[in-house]
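Text of start_25.txt (compact mmCIF, C-alpha atoms) as supplied:
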# COMPACT_ATOMS: atom_id res chain seq x y z
CA MET A 1 -35.76 17.87 -163.06
CA THR A 2 -39.30 16.63 -163.68
CA LEU A 3 -40.90 14.03 -165.91
CA GLN A 4 -42.55 16.87 -167.79
CA GLN A 5 -39.17 18.45 -168.59
CA ILE A 6 -37.77 15.08 -169.74
CA HIS A 7 -40.72 14.54 -172.06
CA GLU A 8 -40.61 18.13 -173.34
CA SER A 9 -36.97 17.69 -174.34
CA ALA A 10 -37.71 14.34 -175.95
CA GLU A 11 -40.68 15.68 -177.91
CA PHE A 12 -38.61 18.64 -179.10
CA LEU A 13 -35.89 16.30 -180.38
CA LYS A 14 -38.42 14.02 -182.07
CA ALA A 15 -39.77 17.05 -183.90
CA GLU A 16 -36.19 17.80 -185.03
CA GLY A 17 -35.99 14.39 -186.72
CA ILE A 18 -34.65 11.98 -184.09
CA ASN A 19 -36.42 8.70 -184.75
CA HIS A 20 -35.82 5.45 -182.83
CA PRO A 21 -32.10 5.71 -181.96
CA GLU A 22 -30.70 2.32 -180.96
CA THR A 23 -27.52 3.21 -179.04
CA GLY A 24 -26.63 6.24 -176.94
CA ILE A 25 -23.00 7.33 -176.66
CA ILE A 26 -21.38 9.77 -174.21
CA LEU A 27 -17.97 11.01 -175.35
CA GLY A 28 -15.63 12.32 -172.66
CA THR A 29 -12.53 14.50 -172.43
CA GLY A 30 -10.44 14.46 -175.59
CA LEU A 31 -12.63 11.76 -177.12
CA GLY A 32 -15.09 13.79 -179.17
CA ASN A 33 -13.68 12.93 -182.59
CA LEU A 34 -15.61 9.66 -182.77
CA ALA A 35 -18.41 11.97 -183.84
CA THR A 36 -16.62 12.52 -187.17
CA CYS A 37 -17.31 8.86 -188.03
CA ILE A 38 -21.07 9.36 -187.72
CA THR A 39 -23.14 9.94 -190.85
CA LYS A 40 -25.03 12.87 -189.38
CA GLU A 41 -28.73 13.52 -189.80
CA MET A 42 -28.90 16.15 -187.06
CA GLU A 43 -26.38 18.09 -184.99
CA MET A 44 -27.53 20.53 -182.32
CA ASP A 45 -25.89 22.60 -179.60
CA TYR A 46 -27.03 21.66 -176.10
CA SER A 47 -28.06 25.29 -175.61
CA ALA A 48 -30.78 24.88 -178.27
CA ILE A 49 -32.44 21.94 -176.49
CA PRO A 50 -35.08 22.73 -173.84
CA HIS A 51 -33.89 22.04 -170.26
CA PHE A 52 -30.44 20.74 -171.32
CA PRO A 53 -27.42 21.98 -169.36
CA VAL A 54 -24.57 23.56 -171.30
CA SER A 55 -21.06 22.09 -171.14
CA THR A 56 -18.49 24.57 -169.77
CA VAL A 57 -15.34 22.42 -170.10
CA GLU A 58 -13.15 23.77 -172.90
CA PHE A 59 -12.39 20.30 -174.27
CA HIS A 60 -16.09 19.37 -174.58
CA LYS A 61 -17.89 20.64 -177.67
CA GLY A 62 -21.41 20.45 -176.24
CA LYS A 63 -23.30 18.99 -179.19
CA LEU A 64 -25.96 16.30 -179.55
CA ILE A 65 -25.51 14.29 -182.73
CA TYR A 66 -28.00 11.93 -184.35
CA GLY A 67 -27.12 9.72 -187.29
CA THR A 68 -25.76 6.38 -188.41
CA LEU A 69 -22.63 4.56 -187.25
CA SER A 70 -21.80 1.04 -188.43
CA GLY A 71 -25.28 0.78 -189.91
CA LYS A 72 -27.05 1.58 -186.64
CA LYS A 73 -28.96 4.67 -185.53
CA ILE A 74 -27.07 6.35 -182.72
CA LEU A 75 -27.48 9.40 -180.51
CA ALA A 76 -24.17 10.82 -179.32
CA MET A 77 -23.32 13.41 -176.70
CA GLN A 78 -20.14 15.17 -177.79
CA GLY A 79 -19.24 16.48 -174.36
CA ARG A 80 -20.71 15.75 -170.93
CA PHE A 81 -21.39 17.53 -167.65
CA HIS A 82 -19.63 17.31 -164.28
CA ALA A 83 -20.49 18.18 -160.69
CA TYR A 84 -17.45 20.47 -160.51
CA GLU A 85 -19.03 22.71 -163.14
CA GLY A 86 -21.73 23.52 -160.59
CA TYR A 87 -24.45 21.26 -161.96
CA THR A 88 -26.68 19.10 -159.83
CA MET A 89 -26.54 15.34 -160.31
CA GLN A 90 -30.03 15.54 -161.79
CA GLN A 91 -28.84 18.02 -164.42
CA ILE A 92 -25.77 15.90 -165.20
CA THR A 93 -27.90 12.84 -165.88
CA PHE A 94 -30.84 14.61 -167.54
CA PRO A 95 -29.65 13.78 -171.10
CA VAL A 96 -29.49 10.06 -170.25
CA ARG A 97 -33.12 10.22 -169.15
CA VAL A 98 -34.05 11.94 -172.41
CA MET A 99 -32.14 9.42 -174.54
CA LYS A 100 -33.94 6.54 -172.83
CA VAL A 101 -37.33 8.15 -173.47
CA LEU A 102 -36.28 8.59 -177.11
CA GLY A 103 -35.82 4.83 -177.32
CA ILE A 104 -32.13 3.89 -176.96
CA LYS A 105 -31.61 0.24 -176.06
CA GLN A 106 -28.09 0.55 -174.62
CA LEU A 107 -25.65 3.25 -173.54
CA LEU A 108 -21.89 3.33 -174.20
CA ILE A 109 -19.74 5.77 -172.23
CA SER A 110 -16.15 6.88 -172.62
CA ASN A 111 -14.01 8.93 -170.29
CA ALA A 112 -10.44 9.94 -169.57
CA ALA A 113 -9.03 8.57 -166.30
CA GLY A 114 -5.82 8.29 -164.36
CA SER A 115 -4.32 4.83 -163.97
CA LEU A 116 -3.83 3.61 -160.40
CA ASN A 117 -2.88 0.06 -161.34
CA PRO A 118 0.85 -0.05 -162.11
CA GLN A 119 0.20 -2.70 -164.79
CA PHE A 120 -2.12 -0.36 -166.73
CA LYS A 121 0.00 2.07 -168.76
CA LYS A 122 -1.12 5.46 -170.03
CA GLY A 123 -2.49 5.44 -173.55
CA SER A 124 -4.25 2.10 -173.04
CA LEU A 125 -7.96 1.40 -172.53
CA MET A 126 -9.77 0.02 -169.49
CA LEU A 127 -13.21 -1.57 -169.55
CA LEU A 128 -15.15 -0.73 -166.40
CA ASP A 129 -16.16 -3.89 -164.55
CA ASP A 130 -17.32 -2.08 -161.41
CA HIS A 131 -16.98 1.27 -159.68
CA ILE A 132 -16.52 2.99 -156.32
CA ASN A 133 -18.63 6.11 -155.97
CA LEU A 134 -16.83 8.74 -153.89
CA GLN A 135 -18.85 11.65 -155.22
CA VAL A 136 -20.84 13.31 -152.48
CA LEU A 137 -24.27 13.46 -154.10
CA ASN A 138 -26.46 10.92 -155.91
CA PRO A 139 -28.65 11.54 -158.99
CA LEU A 140 -31.50 9.52 -157.43
CA THR A 141 -31.81 11.84 -154.41
CA GLY A 142 -35.27 13.37 -154.08
CA SER A 143 -38.67 12.13 -155.20
CA ASN A 144 -38.38 8.93 -157.23
CA LEU A 145 -39.53 9.01 -160.85
CA ASP A 146 -41.63 5.86 -160.58
CA GLU A 147 -42.42 5.92 -164.30
CA LEU A 148 -38.71 5.45 -165.05
CA GLY A 149 -37.48 3.10 -162.35
CA PRO A 150 -37.69 1.80 -158.76
CA ARG A 151 -36.90 3.70 -155.58
CA TYR A 152 -34.08 1.28 -154.68
CA PRO A 153 -32.39 0.07 -157.87
CA ASP A 154 -30.03 -2.89 -157.69
CA MET A 155 -26.36 -2.19 -158.46
CA SER A 156 -24.89 -5.69 -158.16
CA GLN A 157 -23.96 -5.63 -161.86
CA PRO A 158 -23.77 -1.94 -162.86
CA TYR A 159 -22.02 -2.63 -166.18
CA ASP A 160 -23.85 -4.97 -168.53
CA ARG A 161 -22.15 -8.35 -168.58
CA GLY A 162 -23.18 -9.15 -172.16
CA ILE A 163 -21.88 -5.87 -173.61
CA ASN A 164 -18.67 -6.16 -171.60
CA GLU A 165 -18.02 -9.65 -172.91
CA HIS A 166 -18.66 -8.38 -176.43
CA MET A 167 -16.19 -5.53 -175.82
CA GLU A 168 -13.51 -7.96 -174.67
CA ARG A 169 -14.00 -10.31 -177.63
CA THR A 170 -13.94 -7.43 -180.08
CA ALA A 171 -10.82 -5.90 -178.55
CA ALA A 172 -9.06 -9.27 -178.90
CA GLU A 173 -10.15 -9.55 -182.55
CA LEU A 174 -8.83 -6.04 -183.26
CA ASN A 175 -5.61 -6.62 -181.29
CA ILE A 176 -6.45 -3.75 -178.93
CA THR A 177 -5.21 -3.85 -175.34
CA LEU A 178 -8.31 -3.61 -173.16
CA HIS A 179 -7.72 -3.92 -169.43
CA LYS A 180 -10.65 -4.56 -167.10
CA GLY A 181 -10.92 -2.90 -163.73
CA VAL A 182 -12.62 -0.79 -161.10
CA TYR A 183 -13.19 2.94 -161.61
CA ALA A 184 -13.28 5.36 -158.67
CA ALA A 185 -15.36 8.49 -159.20
CA VAL A 186 -14.26 11.60 -157.29
CA PRO A 187 -15.76 15.12 -157.32
CA GLY A 188 -12.80 17.06 -158.85
CA PRO A 189 -11.81 19.34 -160.43
CA ASN A 190 -8.42 19.15 -158.69
CA LEU A 191 -6.25 16.11 -159.22
CA GLU A 192 -5.44 13.87 -156.28
CA THR A 193 -2.66 14.04 -153.69
CA ARG A 194 -0.11 11.25 -153.23
CA ALA A 195 -1.94 10.05 -150.12
CA GLU A 196 -5.26 10.05 -151.98
CA TYR A 197 -3.81 7.94 -154.80
CA ARG A 198 -2.53 5.44 -152.22
CA TYR A 199 -5.95 5.37 -150.55
CA LEU A 200 -7.78 4.80 -153.84
CA ARG A 201 -5.48 1.94 -154.77
CA THR A 202 -5.83 0.43 -151.29
CA ILE A 203 -9.63 0.35 -151.51
CA GLY A 204 -9.49 -1.48 -154.84
CA ALA A 205 -9.59 1.12 -157.61
CA ASP A 206 -7.66 0.62 -160.86
CA ALA A 207 -8.44 4.06 -162.29
CA VAL A 208 -9.80 7.39 -161.08
CA GLY A 209 -11.91 10.02 -162.79
CA MET A 210 -14.55 12.69 -162.25
CA SER A 211 -17.48 11.46 -164.32
CA THR A 212 -19.43 8.44 -165.60
CA VAL A 213 -20.83 7.02 -162.35
CA PRO A 214 -23.84 9.37 -162.15
CA GLU A 215 -24.88 8.39 -165.68
CA VAL A 216 -24.35 4.70 -164.87
CA ILE A 217 -26.52 4.95 -161.75
CA VAL A 218 -29.34 6.55 -163.73
CA ALA A 219 -29.02 3.99 -166.54
CA ASN A 220 -29.35 1.19 -163.98
CA HIS A 221 -32.34 2.96 -162.44
CA MET A 222 -34.05 2.81 -165.85
CA SER A 223 -32.91 -0.78 -166.61
CA LEU A 224 -30.83 0.58 -169.50
CA PRO A 225 -27.83 -1.67 -170.28
CA VAL A 226 -24.62 0.35 -170.02
CA ALA A 227 -20.91 -0.18 -170.64
CA ALA A 228 -18.01 2.22 -170.19
CA VAL A 229 -14.40 2.44 -171.33
CA SER A 230 -11.69 4.68 -169.84
CA VAL A 231 -8.77 6.03 -171.80
CA LEU A 232 -5.93 5.99 -169.28
CA THR A 233 -4.23 9.33 -169.77
CA ASP A 234 -1.68 9.38 -166.94
CA GLU A 235 -0.05 7.04 -164.42
CA CYS A 236 -0.83 7.97 -160.83
CA ASP A 237 2.18 6.49 -159.04
CA PRO A 238 2.35 8.25 -155.66
CA ASP A 239 6.03 7.41 -155.24
CA HIS A 240 7.03 9.01 -158.56
CA LEU A 241 4.30 11.61 -159.01
CA GLN A 242 4.86 14.40 -161.49
CA PRO A 243 2.75 17.57 -161.84
CA VAL A 244 -0.07 16.93 -164.29
CA ASN A 245 -0.12 18.77 -167.59
CA ILE A 246 -3.71 18.94 -168.90
CA GLU A 247 -2.49 19.49 -172.46
CA GLU A 248 -0.49 16.25 -172.22
CA ILE A 249 -3.55 14.42 -170.90
CA ILE A 250 -5.61 15.63 -173.86
CA ALA A 251 -2.84 14.58 -176.25
CA VAL A 252 -2.68 11.07 -174.74
CA ALA A 253 -6.48 10.77 -174.95
CA ALA A 254 -6.41 11.84 -178.60
CA GLY A 255 -3.69 9.30 -179.35
CA ALA A 256 -5.69 6.46 -177.84
CA GLU A 257 -8.92 7.55 -179.50
CA LYS A 258 -8.12 5.63 -182.67
CA ASP A 259 -8.38 2.31 -180.82
CA LEU A 260 -11.46 3.43 -178.89
CA THR A 261 -13.16 4.46 -182.13
CA ARG A 262 -12.41 1.11 -183.79
CA LEU A 263 -13.71 -0.71 -180.72
CA PHE A 264 -16.92 1.29 -180.43
CA GLU A 265 -17.62 1.16 -184.18
CA LYS A 266 -17.39 -2.62 -184.36
CA VAL A 267 -19.31 -3.25 -181.14
CA ILE A 268 -22.12 -0.87 -182.13
CA GLY A 269 -22.45 -2.59 -185.50
CA GLU A 270 -22.88 -5.95 -183.80
CA LEU A 271 -25.17 -5.02 -180.90

Take the structure in this file and express it as structure tokens.
Amino acid sequence: MTLQQIHESAEFLKAEGINHPETGIILGTGLGNLATCITKEMEMDYSAIPHFPVSTVEFHKGKLIYGTLSGKKILAMQGRFHAYEGYTMQQITFPVRVMKVLGIKQLLISNAAGSLNPQFKKGSLMLLDDHINLQVLNPLTGSNLDELGPRYPDMSQPYDRGINEHMERTAAELNITLHKGVYAAVPGPNLETRAEYRYLRTIGADAVGMSTVPEVIVANHMSLPVAAVSVLTDECDPDHLQPVNIEEIIAVAAGAEKDLTRLFEKVIGEL
């Protein structure tokens, strides 16, 4: 990934009609239907965009959408990339770089995650307050892109406090249960063992997933305010662990998407 490639992608998208988007959105597993609420001005497959990776996960549609949501210009990724697909961390986070160059002022991320906290039930939402990065590689490895951010970015507050407070107020107004907790990012694609779930809970994680943290690191590198919400799709109780059914996980995510959509729509309109 080079600065030239980032700017080439951005210039291509500008020529396709993307003009001053305000908010970027990344929609994770089973959460792509928020895109149906967008008044679309442009929709493009990732494969048509220079230097973009292509999503290989069957539940991710792999489209970039530009349009209006709650009266604001937004740029939404309907589907993301993961290390377990074989992509480098630089490829995974490339679209975030491009969105920042295109002018977004904040980034909202959603994902599906397993609940480690016994008080957080499946089907509910969790606002990320912090994270534990257990993925092996880092998107900032290699030569630093000085034009975009510092060599050693601070991560003392990875999730924007102002946006998080707005999320919590809005969830209360809408009567949506929104837990707040710590997200552990693991490489995947396999789910965890009983011992691994115990370990993750012991080190302070409330939920576990396979995404989000690389994008959050890059957003912080570029001083781009970011917030993230997990849909908790299963309960990872090591003492009563059942084999995971991916179709059930997708169904739970889809069921919770209504609340996530209401939350994101209202917050975006007020940012």

* **Minimum-distance residue to Asn190 (chain A), chosen among A:Met167, A:Leu108, A:Ile246, A:Val226 (using all atoms listed in the file)** => A:Ile246

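For the choices A:Val101, A:Leu31, A:Val244, A:Leu69, the atom-to-atom distance to Gln5 (chain A) is smallest for A:Val101 when using only C-alpha atoms.
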
* To do: Using all atoms listed in the file, pick whichever of A:Thr212, A:Gln135, A:Gln242, A:Asn19 has the shortest atom-to-atom distance to Gly103 (chain A).
  => A:Asn19

* Exercise: Met44 (chain A) partners within 7 Å, all atoms listed in the file, chain neighbours under 4 positions left out, as a PyMOL selection string -> chain A and resi 48+63-65

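Using all atoms listed in the file, the smallest distance between any of A:Thr29, A:Gln78, A:Thr141, A:Gln106 and Leu224 (chain A) comes from A:Gln106.
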
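Pairwise distance (CA of Asp206 (chain A), CA of Glu247 (chain A)) equals 22.7 Å.
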
* Residue neighbourhood region 162-164 of chain A, 10 Å, all atoms listed in the file, exclusion window fewer than 4 positions, as a ChimeraX atom specification -> /A:106-108,127-129,168-170,180,225-229,267-268,271

* Work out how far CA of Gly67 (chain A) is from CA of Met99 (chain A), in Å to one decimal. => 13.7 Å

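For the choices A:Ser156, A:Thr2, A:Asn144, A:Thr68, the atom-to-atom distance to Ile38 (chain A) is smallest for A:Thr68 when using only C-alpha atoms.
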
* **Nearest-residue call for Tyr183 (chain A), choices A:Leu13, A:Ile250, A:Ala205, A:Leu241, using only C-alpha atoms** => A:Ala205

Can you tell me, as JSON, the centre and edge lengths (Å, one decimal) of the axis-aligned box enclosing all of region 107-124 of chain A's listed atoms after padding each side by 3 Å?
{"center_x": -12.4, "center_y": 3.6, "center_z": -167.3, "size_x": 32.5, "size_y": 18.6, "size_z": 19.8}

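The spacing separating CA of Lys122 (chain A) from CA of Val231 (chain A) amounts to 7.9 Å.
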
Output file: region 157-215 of chain A, C-alpha atoms, as a short mmCIF file (atom, residue, chain, number, x, y, z; two decimals), in the first residue's frame:
data_model
loop_
_atom_site.label_atom_id
_atom_site.label_comp_id
_atom_site.auth_asym_id
_atom_site.auth_seq_id
_atom_site.Cartn_x
_atom_site.Cartn_y
_atom_site.Cartn_z
CA GLN A 157 -8.62 6.63 23.97
CA PRO A 158 -9.09 4.53 20.81
CA TYR A 159 -12.87 5.08 20.67
CA ASP A 160 -13.99 8.69 20.54
CA ARG A 161 -15.42 9.73 23.89
CA GLY A 162 -17.80 12.30 22.41
CA ILE A 163 -19.34 9.90 19.88
CA ASN A 164 -19.60 7.16 22.51
CA GLU A 165 -21.45 9.45 24.89
CA HIS A 166 -23.77 10.42 22.05
CA MET A 167 -24.37 6.72 21.31
CA GLU A 168 -25.27 6.04 24.94
CA ARG A 169 -27.66 9.00 25.17
CA THR A 170 -29.33 8.06 21.91
CA ALA A 171 -29.71 4.41 22.90
CA ALA A 172 -31.41 5.52 26.14
CA GLU A 173 -33.76 7.82 24.21
CA LEU A 174 -34.68 4.98 21.84
CA ASN A 175 -35.02 2.44 24.68
CA ILE A 176 -32.28 0.27 23.14
CA THR A 177 -30.11 -1.87 25.41
CA LEU A 178 -26.53 -0.79 24.74
CA HIS A 179 -23.89 -2.42 26.92
CA LYS A 180 -20.40 -0.94 27.07
CA GLY A 181 -17.32 -3.10 27.19
CA VAL A 182 -13.96 -4.33 25.96
CA TYR A 183 -13.61 -6.13 22.62
CA ALA A 184 -10.89 -8.74 22.05
CA ALA A 185 -9.74 -9.14 18.45
CA VAL A 186 -8.47 -12.59 17.45
CA PRO A 187 -7.21 -13.82 14.06
CA GLY A 188 -9.93 -16.44 13.29
CA PRO A 189 -11.50 -17.96 11.31
CA ASN A 190 -12.08 -20.77 13.82
CA LEU A 191 -14.12 -20.08 16.93
CA GLU A 192 -12.47 -20.32 20.33
CA THR A 193 -11.96 -23.28 22.66
CA ARG A 194 -13.38 -23.38 26.18
CA ALA A 195 -9.96 -22.58 27.62
CA GLU A 196 -9.55 -19.65 25.23
CA TYR A 197 -12.91 -18.20 26.27
CA ARG A 198 -11.86 -18.45 29.92
CA TYR A 199 -8.55 -16.75 29.11
CA LEU A 200 -10.23 -13.91 27.22
CA ARG A 201 -12.63 -13.27 30.06
CA THR A 202 -9.80 -13.41 32.61
CA ILE A 203 -7.79 -10.73 30.78
CA GLY A 204 -10.79 -8.38 30.75
CA ALA A 205 -12.66 -8.90 27.49
CA ASP A 206 -16.46 -8.64 27.33
CA ALA A 207 -16.76 -9.76 23.70
CA VAL A 208 -14.60 -11.43 21.06
CA GLY A 209 -14.46 -11.04 17.31
CA MET A 210 -12.18 -11.19 14.28
CA SER A 211 -12.31 -7.65 12.91
CA THR A 212 -12.59 -3.93 13.72
CA VAL A 213 -9.32 -3.34 15.59
CA PRO A 214 -7.14 -2.90 12.48
CA GLU A 215 -9.51 -0.23 11.16
#
